[in-house]
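Shown here: work18.cif, mmCIF, N, CA and C atoms.
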data_my_file
#
loop_
_atom_site.label_atom_id
_atom_site.label_comp_id
_atom_site.auth_asym_id
_atom_site.auth_seq_id
_atom_site.Cartn_x
_atom_site.Cartn_y
_atom_site.Cartn_z
N MET Z 1 -12.45 20.24 2.59
CA MET Z 1 -11.58 19.15 2.94
C MET Z 1 -12.34 18.26 3.92
N SER Z 2 -12.33 16.98 3.65
CA SER Z 2 -13.03 16.04 4.49
C SER Z 2 -12.04 15.16 5.22
N ALA Z 3 -11.98 15.28 6.52
CA ALA Z 3 -11.09 14.43 7.32
C ALA Z 3 -11.96 13.59 8.25
N THR Z 4 -11.71 12.29 8.28
CA THR Z 4 -12.46 11.38 9.13
C THR Z 4 -11.51 10.82 10.17
N GLU Z 5 -11.91 10.89 11.43
CA GLU Z 5 -11.07 10.37 12.50
C GLU Z 5 -11.63 9.05 13.01
N SER Z 6 -10.76 8.10 13.25
CA SER Z 6 -11.12 6.80 13.78
C SER Z 6 -11.06 6.84 15.30
N THR Z 7 -11.94 6.12 15.96
CA THR Z 7 -11.90 6.06 17.42
C THR Z 7 -11.36 4.72 17.90
N ALA Z 8 -10.69 3.97 17.02
CA ALA Z 8 -10.20 2.64 17.35
C ALA Z 8 -8.99 2.65 18.27
N SER Z 9 -8.30 3.76 18.43
CA SER Z 9 -7.13 3.81 19.30
C SER Z 9 -7.07 5.16 19.99
N ALA Z 10 -6.14 5.28 20.91
CA ALA Z 10 -5.98 6.54 21.64
C ALA Z 10 -5.55 7.67 20.73
N THR Z 11 -4.79 7.35 19.67
CA THR Z 11 -4.37 8.35 18.69
C THR Z 11 -5.12 8.07 17.40
N PRO Z 12 -6.12 8.87 17.08
CA PRO Z 12 -6.93 8.57 15.90
C PRO Z 12 -6.19 8.78 14.59
N ALA Z 13 -6.56 7.99 13.60
CA ALA Z 13 -6.06 8.16 12.24
C ALA Z 13 -6.80 9.33 11.62
N ILE Z 14 -6.15 10.02 10.72
CA ILE Z 14 -6.78 11.11 9.99
C ILE Z 14 -6.80 10.70 8.52
N VAL Z 15 -7.96 10.74 7.90
CA VAL Z 15 -8.11 10.32 6.51
C VAL Z 15 -8.62 11.50 5.70
N TYR Z 16 -7.95 11.79 4.59
CA TYR Z 16 -8.39 12.82 3.66
C TYR Z 16 -8.92 12.12 2.42
N HIS Z 17 -10.17 12.37 2.09
CA HIS Z 17 -10.78 11.74 0.92
C HIS Z 17 -10.68 12.66 -0.29
N GLY Z 18 -10.51 12.05 -1.47
CA GLY Z 18 -10.52 12.83 -2.71
C GLY Z 18 -9.34 13.75 -2.89
N VAL Z 19 -8.14 13.32 -2.50
CA VAL Z 19 -6.96 14.18 -2.60
C VAL Z 19 -6.68 14.61 -4.04
N ALA Z 20 -7.06 13.78 -5.01
CA ALA Z 20 -6.83 14.12 -6.42
C ALA Z 20 -7.67 15.31 -6.85
N THR Z 21 -8.78 15.56 -6.15
CA THR Z 21 -9.68 16.65 -6.56
C THR Z 21 -9.93 17.65 -5.44
N ILE Z 22 -9.21 17.54 -4.33
CA ILE Z 22 -9.41 18.45 -3.20
C ILE Z 22 -9.14 19.89 -3.65
N GLU Z 23 -9.94 20.81 -3.16
CA GLU Z 23 -9.77 22.22 -3.54
C GLU Z 23 -8.52 22.79 -2.89
N MET Z 24 -7.71 23.44 -3.72
CA MET Z 24 -6.44 24.00 -3.26
C MET Z 24 -6.60 25.49 -2.97
N PRO Z 25 -5.74 26.03 -2.07
CA PRO Z 25 -5.73 27.48 -1.85
C PRO Z 25 -5.30 28.22 -3.12
N GLN Z 26 -5.51 29.50 -3.15
CA GLN Z 26 -5.11 30.35 -4.29
C GLN Z 26 -3.61 30.17 -4.57
N ALA Z 27 -3.27 29.94 -5.83
CA ALA Z 27 -1.86 29.79 -6.23
C ALA Z 27 -1.16 31.14 -6.18
N THR Z 28 0.12 31.10 -5.80
CA THR Z 28 0.94 32.30 -5.77
C THR Z 28 2.21 32.06 -6.56
N LEU Z 29 2.89 33.13 -6.93
CA LEU Z 29 4.13 33.03 -7.68
C LEU Z 29 5.19 32.33 -6.84
N SER Z 30 5.84 31.33 -7.41
CA SER Z 30 6.85 30.56 -6.70
C SER Z 30 8.15 31.34 -6.57
N ALA Z 31 8.71 31.34 -5.37
CA ALA Z 31 10.01 31.97 -5.14
C ALA Z 31 11.14 31.15 -5.76
N SER Z 32 10.85 29.89 -6.13
CA SER Z 32 11.87 29.00 -6.71
C SER Z 32 11.91 29.05 -8.22
N ALA Z 33 11.08 29.90 -8.83
CA ALA Z 33 11.02 29.98 -10.29
C ALA Z 33 11.93 31.11 -10.79
N PRO Z 34 13.07 30.77 -11.40
CA PRO Z 34 14.00 31.82 -11.83
C PRO Z 34 13.41 32.76 -12.89
N ASP Z 35 12.46 32.26 -13.69
CA ASP Z 35 11.84 33.11 -14.71
C ASP Z 35 10.55 33.75 -14.23
N ALA Z 36 10.23 33.60 -12.95
CA ALA Z 36 9.03 34.18 -12.34
C ALA Z 36 7.79 33.87 -13.16
N ASP Z 37 7.64 32.58 -13.55
CA ASP Z 37 6.49 32.21 -14.39
C ASP Z 37 5.72 31.01 -13.85
N VAL Z 38 6.07 30.54 -12.66
CA VAL Z 38 5.41 29.36 -12.11
C VAL Z 38 4.61 29.74 -10.87
N TYR Z 39 3.35 29.37 -10.90
CA TYR Z 39 2.47 29.58 -9.75
C TYR Z 39 2.27 28.24 -9.06
N GLU Z 40 2.28 28.28 -7.72
CA GLU Z 40 2.14 27.05 -6.96
C GLU Z 40 1.19 27.26 -5.79
N SER Z 41 0.71 26.14 -5.28
CA SER Z 41 -0.21 26.17 -4.15
C SER Z 41 0.07 24.96 -3.28
N SER Z 42 -0.02 25.12 -1.96
CA SER Z 42 0.20 24.01 -1.02
C SER Z 42 -0.93 23.97 -0.01
N LEU Z 43 -1.31 22.76 0.36
CA LEU Z 43 -2.32 22.55 1.39
C LEU Z 43 -1.72 21.59 2.41
N LEU Z 44 -1.35 22.10 3.59
CA LEU Z 44 -0.74 21.26 4.61
C LEU Z 44 -1.79 20.39 5.28
N MET Z 45 -1.46 19.11 5.42
CA MET Z 45 -2.35 18.17 6.09
C MET Z 45 -1.76 17.72 7.43
N TRP Z 46 -0.47 17.83 7.57
CA TRP Z 46 0.21 17.51 8.81
C TRP Z 46 1.17 18.66 9.07
N PRO Z 47 0.69 19.74 9.68
CA PRO Z 47 1.52 20.94 9.84
C PRO Z 47 2.75 20.69 10.69
N ARG Z 48 3.80 21.39 10.36
CA ARG Z 48 5.08 21.30 11.05
C ARG Z 48 4.93 21.52 12.55
N GLY Z 49 4.11 22.47 12.95
CA GLY Z 49 3.95 22.79 14.37
C GLY Z 49 3.31 21.68 15.18
N LEU Z 50 2.65 20.74 14.55
CA LEU Z 50 1.96 19.68 15.27
C LEU Z 50 2.92 18.69 15.89
N LYS Z 51 3.93 18.25 15.15
CA LYS Z 51 4.89 17.27 15.66
C LYS Z 51 6.33 17.74 15.53
N GLY Z 52 6.62 18.61 14.59
CA GLY Z 52 7.95 19.16 14.45
C GLY Z 52 8.90 18.43 13.52
N MET Z 53 8.74 17.12 13.35
CA MET Z 53 9.69 16.36 12.55
C MET Z 53 9.13 15.96 11.18
N MET Z 54 7.84 16.16 10.98
CA MET Z 54 7.23 15.74 9.72
C MET Z 54 6.20 16.76 9.28
N MET Z 55 6.07 16.89 7.97
CA MET Z 55 5.08 17.77 7.38
C MET Z 55 4.57 17.06 6.13
N ALA Z 56 3.27 17.09 5.89
CA ALA Z 56 2.71 16.43 4.72
C ALA Z 56 1.56 17.25 4.17
N GLY Z 57 1.30 17.08 2.87
CA GLY Z 57 0.20 17.80 2.25
C GLY Z 57 0.14 17.57 0.76
N VAL Z 58 -0.59 18.44 0.10
CA VAL Z 58 -0.75 18.40 -1.35
C VAL Z 58 -0.15 19.67 -1.92
N TRP Z 59 0.55 19.54 -3.04
CA TRP Z 59 1.19 20.68 -3.72
C TRP Z 59 0.88 20.57 -5.19
N GLU Z 60 0.66 21.69 -5.83
CA GLU Z 60 0.53 21.69 -7.28
C GLU Z 60 1.18 22.93 -7.85
N ALA Z 61 1.60 22.80 -9.11
CA ALA Z 61 2.26 23.92 -9.79
C ALA Z 61 1.97 23.84 -11.28
N CYS Z 62 1.90 25.02 -11.90
CA CYS Z 62 1.65 25.11 -13.33
C CYS Z 62 2.95 24.84 -14.09
N PRO Z 63 2.88 24.65 -15.41
CA PRO Z 63 4.08 24.40 -16.21
C PRO Z 63 5.11 25.54 -16.08
N GLY Z 64 6.37 25.13 -16.13
CA GLY Z 64 7.47 26.08 -16.03
C GLY Z 64 8.67 25.43 -15.38
N HIS Z 65 9.66 26.24 -15.01
CA HIS Z 65 10.92 25.74 -14.46
C HIS Z 65 11.04 26.19 -13.00
N LEU Z 66 11.37 25.24 -12.12
CA LEU Z 66 11.59 25.53 -10.70
C LEU Z 66 12.94 24.97 -10.28
N ASN Z 67 13.64 25.70 -9.43
CA ASN Z 67 14.85 25.18 -8.79
C ASN Z 67 14.45 24.63 -7.43
N GLY Z 68 15.14 23.59 -6.99
CA GLY Z 68 14.80 23.01 -5.70
C GLY Z 68 16.01 22.50 -4.97
N ARG Z 69 15.88 22.41 -3.64
CA ARG Z 69 16.91 21.81 -2.82
C ARG Z 69 16.26 21.33 -1.53
N ARG Z 70 16.81 20.29 -0.99
CA ARG Z 70 16.32 19.73 0.26
C ARG Z 70 17.49 19.75 1.23
N VAL Z 71 17.56 20.78 2.06
CA VAL Z 71 18.62 20.93 3.03
C VAL Z 71 17.98 20.80 4.41
N GLY Z 72 18.36 19.74 5.14
CA GLY Z 72 17.78 19.50 6.45
C GLY Z 72 16.49 18.71 6.40
N TRP Z 73 15.98 18.49 5.19
CA TRP Z 73 14.72 17.77 4.99
C TRP Z 73 14.89 16.75 3.87
N ALA Z 74 14.18 15.65 3.96
CA ALA Z 74 14.03 14.71 2.85
C ALA Z 74 12.56 14.76 2.46
N GLU Z 75 12.26 14.46 1.20
CA GLU Z 75 10.87 14.52 0.72
C GLU Z 75 10.53 13.26 -0.05
N ILE Z 76 9.33 12.76 0.19
CA ILE Z 76 8.77 11.67 -0.61
C ILE Z 76 7.50 12.22 -1.24
N CYS Z 77 7.38 12.06 -2.56
CA CYS Z 77 6.22 12.58 -3.30
C CYS Z 77 5.52 11.45 -4.04
N TYR Z 78 4.21 11.50 -4.06
CA TYR Z 78 3.42 10.62 -4.92
C TYR Z 78 2.76 11.53 -5.94
N ILE Z 79 3.07 11.33 -7.21
CA ILE Z 79 2.55 12.19 -8.27
C ILE Z 79 1.12 11.77 -8.60
N ILE Z 80 0.18 12.67 -8.39
CA ILE Z 80 -1.23 12.41 -8.63
C ILE Z 80 -1.59 12.70 -10.08
N GLU Z 81 -1.12 13.84 -10.58
CA GLU Z 81 -1.40 14.21 -11.97
C GLU Z 81 -0.28 15.07 -12.52
N GLY Z 82 -0.21 15.16 -13.85
CA GLY Z 82 0.76 16.01 -14.52
C GLY Z 82 2.03 15.28 -14.90
N SER Z 83 2.98 16.03 -15.43
CA SER Z 83 4.26 15.45 -15.82
C SER Z 83 5.36 16.50 -15.67
N ALA Z 84 6.56 15.99 -15.38
CA ALA Z 84 7.71 16.86 -15.19
C ALA Z 84 8.98 16.07 -15.45
N THR Z 85 10.05 16.81 -15.67
CA THR Z 85 11.38 16.23 -15.75
C THR Z 85 12.16 16.79 -14.57
N ILE Z 86 12.72 15.87 -13.78
CA ILE Z 86 13.50 16.25 -12.60
C ILE Z 86 14.97 16.06 -12.96
N THR Z 87 15.77 17.12 -12.81
CA THR Z 87 17.19 17.04 -13.11
C THR Z 87 17.97 17.34 -11.84
N THR Z 88 18.76 16.36 -11.42
CA THR Z 88 19.61 16.53 -10.25
C THR Z 88 20.81 17.39 -10.64
N GLU Z 89 21.30 18.17 -9.69
CA GLU Z 89 22.42 19.07 -9.95
C GLU Z 89 23.59 18.36 -10.64
N GLY Z 90 23.81 17.09 -10.36
CA GLY Z 90 24.89 16.33 -10.99
C GLY Z 90 24.58 15.87 -12.40
N GLY Z 91 23.34 16.08 -12.88
CA GLY Z 91 22.99 15.75 -14.25
C GLY Z 91 22.04 14.59 -14.44
N ALA Z 92 21.70 13.83 -13.40
CA ALA Z 92 20.75 12.72 -13.54
C ALA Z 92 19.37 13.28 -13.87
N VAL Z 93 18.71 12.67 -14.86
CA VAL Z 93 17.41 13.16 -15.33
C VAL Z 93 16.38 12.05 -15.17
N GLU Z 94 15.22 12.40 -14.62
CA GLU Z 94 14.10 11.46 -14.46
C GLU Z 94 12.82 12.15 -14.91
N LYS Z 95 12.04 11.44 -15.72
CA LYS Z 95 10.71 11.92 -16.09
C LYS Z 95 9.71 11.30 -15.11
N ILE Z 96 8.76 12.12 -14.62
CA ILE Z 96 7.77 11.63 -13.67
C ILE Z 96 6.37 11.95 -14.17
N GLY Z 97 5.41 11.13 -13.74
CA GLY Z 97 4.02 11.32 -14.10
C GLY Z 97 3.12 10.62 -13.10
N PRO Z 98 1.81 10.60 -13.36
CA PRO Z 98 0.85 10.03 -12.43
C PRO Z 98 1.21 8.60 -12.01
N GLY Z 99 1.12 8.36 -10.70
CA GLY Z 99 1.42 7.05 -10.16
C GLY Z 99 2.86 6.86 -9.75
N ASP Z 100 3.74 7.80 -10.10
CA ASP Z 100 5.16 7.69 -9.75
C ASP Z 100 5.40 8.19 -8.32
N VAL Z 101 6.40 7.62 -7.67
CA VAL Z 101 6.87 8.08 -6.37
C VAL Z 101 8.26 8.66 -6.58
N LEU Z 102 8.46 9.85 -6.08
CA LEU Z 102 9.73 10.56 -6.21
C LEU Z 102 10.31 10.74 -4.81
N VAL Z 103 11.57 10.36 -4.60
CA VAL Z 103 12.25 10.54 -3.33
C VAL Z 103 13.38 11.53 -3.53
N LEU Z 104 13.34 12.61 -2.77
CA LEU Z 104 14.40 13.63 -2.80
C LEU Z 104 15.10 13.58 -1.45
N PRO Z 105 16.25 12.91 -1.38
CA PRO Z 105 16.94 12.76 -0.10
C PRO Z 105 17.45 14.10 0.44
N GLU Z 106 17.71 14.13 1.73
CA GLU Z 106 18.29 15.32 2.33
C GLU Z 106 19.59 15.63 1.59
N GLY Z 107 19.76 16.90 1.21
CA GLY Z 107 20.94 17.32 0.46
C GLY Z 107 20.71 17.40 -1.04
N TRP Z 108 19.56 16.90 -1.53
CA TRP Z 108 19.28 16.93 -2.97
C TRP Z 108 19.20 18.37 -3.46
N ARG Z 109 19.75 18.60 -4.64
CA ARG Z 109 19.66 19.90 -5.33
C ARG Z 109 19.40 19.61 -6.80
N GLY Z 110 18.53 20.40 -7.39
CA GLY Z 110 18.25 20.22 -8.81
C GLY Z 110 17.12 21.11 -9.27
N SER Z 111 16.44 20.65 -10.32
CA SER Z 111 15.37 21.47 -10.89
C SER Z 111 14.20 20.60 -11.36
N TRP Z 112 13.07 21.24 -11.48
CA TRP Z 112 11.84 20.65 -12.01
C TRP Z 112 11.49 21.41 -13.28
N ASP Z 113 11.30 20.70 -14.39
CA ASP Z 113 10.72 21.29 -15.59
C ASP Z 113 9.34 20.68 -15.71
N ILE Z 114 8.34 21.47 -15.38
CA ILE Z 114 6.96 20.98 -15.34
C ILE Z 114 6.34 21.16 -16.72
N HIS Z 115 5.89 20.04 -17.29
CA HIS Z 115 5.32 20.05 -18.64
C HIS Z 115 3.81 20.22 -18.62
N ALA Z 116 3.14 19.60 -17.67
CA ALA Z 116 1.69 19.72 -17.49
C ALA Z 116 1.46 19.85 -15.99
N LYS Z 117 0.51 20.70 -15.58
CA LYS Z 117 0.29 20.98 -14.17
C LYS Z 117 0.48 19.74 -13.32
N VAL Z 118 1.35 19.85 -12.32
CA VAL Z 118 1.65 18.73 -11.43
C VAL Z 118 0.88 18.92 -10.12
N ARG Z 119 0.27 17.83 -9.67
CA ARG Z 119 -0.30 17.76 -8.33
C ARG Z 119 0.35 16.55 -7.67
N LYS Z 120 0.87 16.76 -6.47
CA LYS Z 120 1.52 15.66 -5.76
C LYS Z 120 1.10 15.68 -4.30
N PHE Z 121 1.13 14.51 -3.69
CA PHE Z 121 1.06 14.39 -2.24
C PHE Z 121 2.51 14.33 -1.79
N PHE Z 122 2.86 15.08 -0.76
CA PHE Z 122 4.25 15.09 -0.29
C PHE Z 122 4.31 14.84 1.21
N ALA Z 123 5.43 14.28 1.63
CA ALA Z 123 5.76 14.15 3.05
C ALA Z 123 7.21 14.55 3.21
N PHE Z 124 7.45 15.52 4.09
CA PHE Z 124 8.80 15.97 4.43
C PHE Z 124 9.20 15.37 5.77
N GLN Z 125 10.42 14.91 5.86
CA GLN Z 125 10.98 14.42 7.12
C GLN Z 125 12.16 15.30 7.47
N ARG Z 126 12.11 15.90 8.65
CA ARG Z 126 13.19 16.77 9.11
C ARG Z 126 14.21 15.94 9.87
N PHE Z 127 15.47 16.34 9.78
CA PHE Z 127 16.53 15.67 10.51
C PHE Z 127 16.83 16.43 11.79
N GLU Z 128 16.95 15.72 12.90
CA GLU Z 128 17.12 16.35 14.21
C GLU Z 128 18.31 17.29 14.30
N ASN Z 129 19.39 16.95 13.60
CA ASN Z 129 20.59 17.78 13.69
C ASN Z 129 20.52 19.03 12.83
N PHE Z 130 19.41 19.23 12.10
CA PHE Z 130 19.29 20.39 11.23
C PHE Z 130 18.88 21.62 12.06
N GLN Z 131 19.58 22.70 11.89
CA GLN Z 131 19.25 23.95 12.55
C GLN Z 131 18.77 24.95 11.50
N ALA Z 132 17.52 25.38 11.59
CA ALA Z 132 16.95 26.31 10.60
C ALA Z 132 17.57 27.67 10.73
#
As a first step, turn the structure in this file into structure tokens.
Amino acid sequence: MSATESTASATPAIVYHGVATIEMPQATLSASAPDADVYESSLLMWPRGLKGMMMAGVWEACPGHLNGRRVGWAEICYIIEGSATITTEGGAVEKIGPGDVLVLPEGWRGSWDIHAKVRKFFAFQRFENFQA
């Protein structure tokens, strides 16, 4: 992972180059996969412990079905590669692929049907009133 820091201000910017091809940690079986057939991997770039209200990184998962929910957190994703169908618990269906931005507001519940390995950049925003 290559991170470059700028010295232009008191708080330097952090830049990650080649996010589309950055090496990911070993994939593990997803706890969100009801059929226990989806492996996923995450690489945190802005760890929760650093600031507490935001977390960002790269995530990828192989084809299969995942359940998801955002309770206390909202998520913004930029899809780098792959394709999936996102189904909200209420029945709204969206197909996503490279170049798409997906916003999962706090309280979102639904599922991911991953058709081709998905790699995304994600940013989570925590809400102050949320108690883990």
- [ ] Any chance you could resolve the PyMOL selection byres ((chain Z and resi 71) around 7) against this file and give the residues as a ChimeraX atom specification?
- [x] /Z:69-70,72-74,105-108,130
Within 5 Å of Z:His65, counting only N, CA and C atoms, which residues show up once you throw out same-chain ones fewer than 6 positions away? Write them as a PDB file with N, CA and C atoms, in the frame of the given file, please.
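Written file, result29.pdb:
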ATOM      1  N   ALA Z  33      11.080  29.900  -8.830  1.00  0.00           N
ATOM      2  CA  ALA Z  33      11.020  29.980 -10.290  1.00  0.00           C
ATOM      3  C   ALA Z  33      11.930  31.110 -10.790  1.00  0.00           C
ATOM      4  N   TRP Z 112      13.070  21.240 -11.480  1.00  0.00           N
ATOM      5  CA  TRP Z 112      11.840  20.650 -12.010  1.00  0.00           C
ATOM      6  C   TRP Z 112      11.490  21.410 -13.280  1.00  0.00           C
ATOM      7  N   ASP Z 113      11.300  20.700 -14.390  1.00  0.00           N
ATOM      8  CA  ASP Z 113      10.720  21.290 -15.590  1.00  0.00           C
ATOM      9  C   ASP Z 113       9.340  20.680 -15.710  1.00  0.00           C
ATOM     10  N   ILE Z 114       8.340  21.470 -15.380  1.00  0.00           N
ATOM     11  CA  ILE Z 114       6.960  20.980 -15.340  1.00  0.00           C
ATOM     12  C   ILE Z 114       6.340  21.160 -16.720  1.00  0.00           C
TER      13      ILE Z 114
END
Task: strand (DSSP E) positions in chain Z, given as a ChimeraX atom specification - done: /Z:3-5,14-16,28-29,39-46,54-61,64-69,73-88,93-96,101-104,109-126
Task: DSSP-assigned helix (DSSP H, G or I) members of chain Z, reported as a ChimeraX atom specification - done: /Z:48-51
Using the selection just defined, write its residues with N, CA and C atoms as a PDB file, in the frame of the given file.
ATOM      1  N   ARG Z  48       3.800  21.390  10.360  1.00  0.00           N
ATOM      2  CA  ARG Z  48       5.080  21.300  11.050  1.00  0.00           C
ATOM      3  C   ARG Z  48       4.930  21.520  12.550  1.00  0.00           C
ATOM      4  N   GLY Z  49       4.110  22.470  12.950  1.00  0.00           N
ATOM      5  CA  GLY Z  49       3.950  22.790  14.370  1.00  0.00           C
ATOM      6  C   GLY Z  49       3.310  21.680  15.180  1.00  0.00           C
ATOM      7  N   LEU Z  50       2.650  20.740  14.550  1.00  0.00           N
ATOM      8  CA  LEU Z  50       1.960  19.680  15.270  1.00  0.00           C
ATOM      9  C   LEU Z  50       2.920  18.690  15.890  1.00  0.00           C
ATOM     10  N   LYS Z  51       3.930  18.250  15.150  1.00  0.00           N
ATOM     11  CA  LYS Z  51       4.890  17.270  15.660  1.00  0.00           C
ATOM     12  C   LYS Z  51       6.330  17.740  15.530  1.00  0.00           C
TER      13      LYS Z  51
END
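Rounded to one decimal, atom CA of Z:Tyr16 and atom CA of Z:Glu94 lie 28.9 Å from each other.
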TODO: Give as a ChimeraX atom specification each residue that has an atom at most 6 Å from (4.4, 21.0, -13.9) in the file, counting all atoms listed in the file.
DONE: /Z:61-64,83-84,113-118
Dump N, CA and C atoms for the selected residues as a CSV table (one decimal), in the coordinates of the input?
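Everything below was put into selection06.csv:
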chain,number,residue,atom,x,y,z
Z,61,ALA,N,1.6,22.8,-9.1
Z,61,ALA,CA,2.3,23.9,-9.8
Z,61,ALA,C,2.0,23.8,-11.3
Z,62,CYS,N,1.9,25.0,-11.9
Z,62,CYS,CA,1.6,25.1,-13.3
Z,62,CYS,C,3.0,24.8,-14.1
Z,63,PRO,N,2.9,24.6,-15.4
Z,63,PRO,CA,4.1,24.4,-16.2
Z,63,PRO,C,5.1,25.5,-16.1
Z,64,GLY,N,6.4,25.1,-16.1
Z,64,GLY,CA,7.5,26.1,-16.0
Z,64,GLY,C,8.7,25.4,-15.4
Z,83,SER,N,3.0,16.0,-15.4
Z,83,SER,CA,4.3,15.4,-15.8
Z,83,SER,C,5.4,16.5,-15.7
Z,84,ALA,N,6.6,16.0,-15.4
Z,84,ALA,CA,7.7,16.9,-15.2
Z,84,ALA,C,9.0,16.1,-15.4
Z,113,ASP,N,11.3,20.7,-14.4
Z,113,ASP,CA,10.7,21.3,-15.6
Z,113,ASP,C,9.3,20.7,-15.7
Z,114,ILE,N,8.3,21.5,-15.4
Z,114,ILE,CA,7.0,21.0,-15.3
Z,114,ILE,C,6.3,21.2,-16.7
Z,115,HIS,N,5.9,20.0,-17.3
Z,115,HIS,CA,5.3,20.0,-18.6
Z,115,HIS,C,3.8,20.2,-18.6
Z,116,ALA,N,3.1,19.6,-17.7
Z,116,ALA,CA,1.7,19.7,-17.5
Z,116,ALA,C,1.5,19.8,-16.0
Z,117,LYS,N,0.5,20.7,-15.6
Z,117,LYS,CA,0.3,21.0,-14.2
Z,117,LYS,C,0.5,19.7,-13.3
Z,118,VAL,N,1.4,19.8,-12.3
Z,118,VAL,CA,1.6,18.7,-11.4
Z,118,VAL,C,0.9,18.9,-10.1
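You can rank Z:Glu40, Z:Phe127, Z:Phe121, Z:Gly99 by their closest distance to Z:Gly57 using all atoms listed in the file, and at the top of that list sits Z:Phe121.
If you look at atom N of Z:Ser42 and atom CA of Z:Val93, they are 25.0 Å away from each other.
Going from atom CA of Z:Thr88 to atom N of Z:Thr21 covers 28.7 Å.
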TODO: Apply the PyMOL selection byres ((chain Z and resi 25) around 8) to the displayed file and report the matching residues as a PyMOL selection string.
DONE: chain Z and resi 22-24+26-28+40-43
Export N, CA and C atoms of the chosen residues as a PDB file, in the frame of the given file?
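Contents of selection-v9.pdb, freshly written:
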ATOM      1  N   ILE Z  22      -9.210  17.540  -4.330  1.00  0.00           N
ATOM      2  CA  ILE Z  22      -9.410  18.450  -3.200  1.00  0.00           C
ATOM      3  C   ILE Z  22      -9.140  19.890  -3.650  1.00  0.00           C
ATOM      4  N   GLU Z  23      -9.940  20.810  -3.160  1.00  0.00           N
ATOM      5  CA  GLU Z  23      -9.770  22.220  -3.540  1.00  0.00           C
ATOM      6  C   GLU Z  23      -8.520  22.790  -2.890  1.00  0.00           C
ATOM      7  N   MET Z  24      -7.710  23.440  -3.720  1.00  0.00           N
ATOM      8  CA  MET Z  24      -6.440  24.000  -3.260  1.00  0.00           C
ATOM      9  C   MET Z  24      -6.600  25.490  -2.970  1.00  0.00           C
ATOM     10  N   GLN Z  26      -5.510  29.500  -3.150  1.00  0.00           N
ATOM     11  CA  GLN Z  26      -5.110  30.350  -4.290  1.00  0.00           C
ATOM     12  C   GLN Z  26      -3.610  30.170  -4.570  1.00  0.00           C
ATOM     13  N   ALA Z  27      -3.270  29.940  -5.830  1.00  0.00           N
ATOM     14  CA  ALA Z  27      -1.860  29.790  -6.230  1.00  0.00           C
ATOM     15  C   ALA Z  27      -1.160  31.140  -6.180  1.00  0.00           C
ATOM     16  N   THR Z  28       0.120  31.100  -5.800  1.00  0.00           N
ATOM     17  CA  THR Z  28       0.940  32.300  -5.770  1.00  0.00           C
ATOM     18  C   THR Z  28       2.210  32.060  -6.560  1.00  0.00           C
ATOM     19  N   GLU Z  40       2.280  28.280  -7.720  1.00  0.00           N
ATOM     20  CA  GLU Z  40       2.140  27.050  -6.960  1.00  0.00           C
ATOM     21  C   GLU Z  40       1.190  27.260  -5.790  1.00  0.00           C
ATOM     22  N   SER Z  41       0.710  26.140  -5.280  1.00  0.00           N
ATOM     23  CA  SER Z  41      -0.210  26.170  -4.150  1.00  0.00           C
ATOM     24  C   SER Z  41       0.070  24.960  -3.280  1.00  0.00           C
ATOM     25  N   SER Z  42      -0.020  25.120  -1.960  1.00  0.00           N
ATOM     26  CA  SER Z  42       0.200  24.010  -1.020  1.00  0.00           C
ATOM     27  C   SER Z  42      -0.930  23.970  -0.010  1.00  0.00           C
ATOM     28  N   LEU Z  43      -1.310  22.760   0.360  1.00  0.00           N
ATOM     29  CA  LEU Z  43      -2.320  22.550   1.390  1.00  0.00           C
ATOM     30  C   LEU Z  43      -1.720  21.590   2.410  1.00  0.00           C
TER      31      LEU Z  43
END
Using only N, CA and C atoms, which residues sit within 5 Å of Z:Phe122 once same-chain residues fewer than 3 positions away are excluded, as a CSV table (one decimal) with N, CA and C atoms, in the frame of the given file?
chain,number,residue,atom,x,y,z
Z,56,ALA,N,3.3,17.1,5.9
Z,56,ALA,CA,2.7,16.4,4.7
Z,56,ALA,C,1.6,17.2,4.2
Z,57,GLY,N,1.3,17.1,2.9
Z,57,GLY,CA,0.2,17.8,2.2
Z,57,GLY,C,0.1,17.6,0.8
Z,58,VAL,N,-0.6,18.4,0.1
Z,58,VAL,CA,-0.8,18.4,-1.4
Z,58,VAL,C,-0.2,19.7,-1.9
Z,76,ILE,N,9.3,12.8,0.2
Z,76,ILE,CA,8.8,11.7,-0.6
Z,76,ILE,C,7.5,12.2,-1.2
Z,77,CYS,N,7.4,12.1,-2.6
Z,77,CYS,CA,6.2,12.6,-3.3
Z,77,CYS,C,5.5,11.4,-4.0
Task: Non-local contacts of Z:Asp100 (7 Å; all atoms listed in the file; under 5 positions in same chain excluded) as number ranges by chain - done: Z: 77-80
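Each of Z:Gly18, Z:Leu66, Z:Ala92, Z:Gln125 was compared to Z:Ala36 using only C-alpha atoms, and Z:Leu66 turns out to be the nearest.
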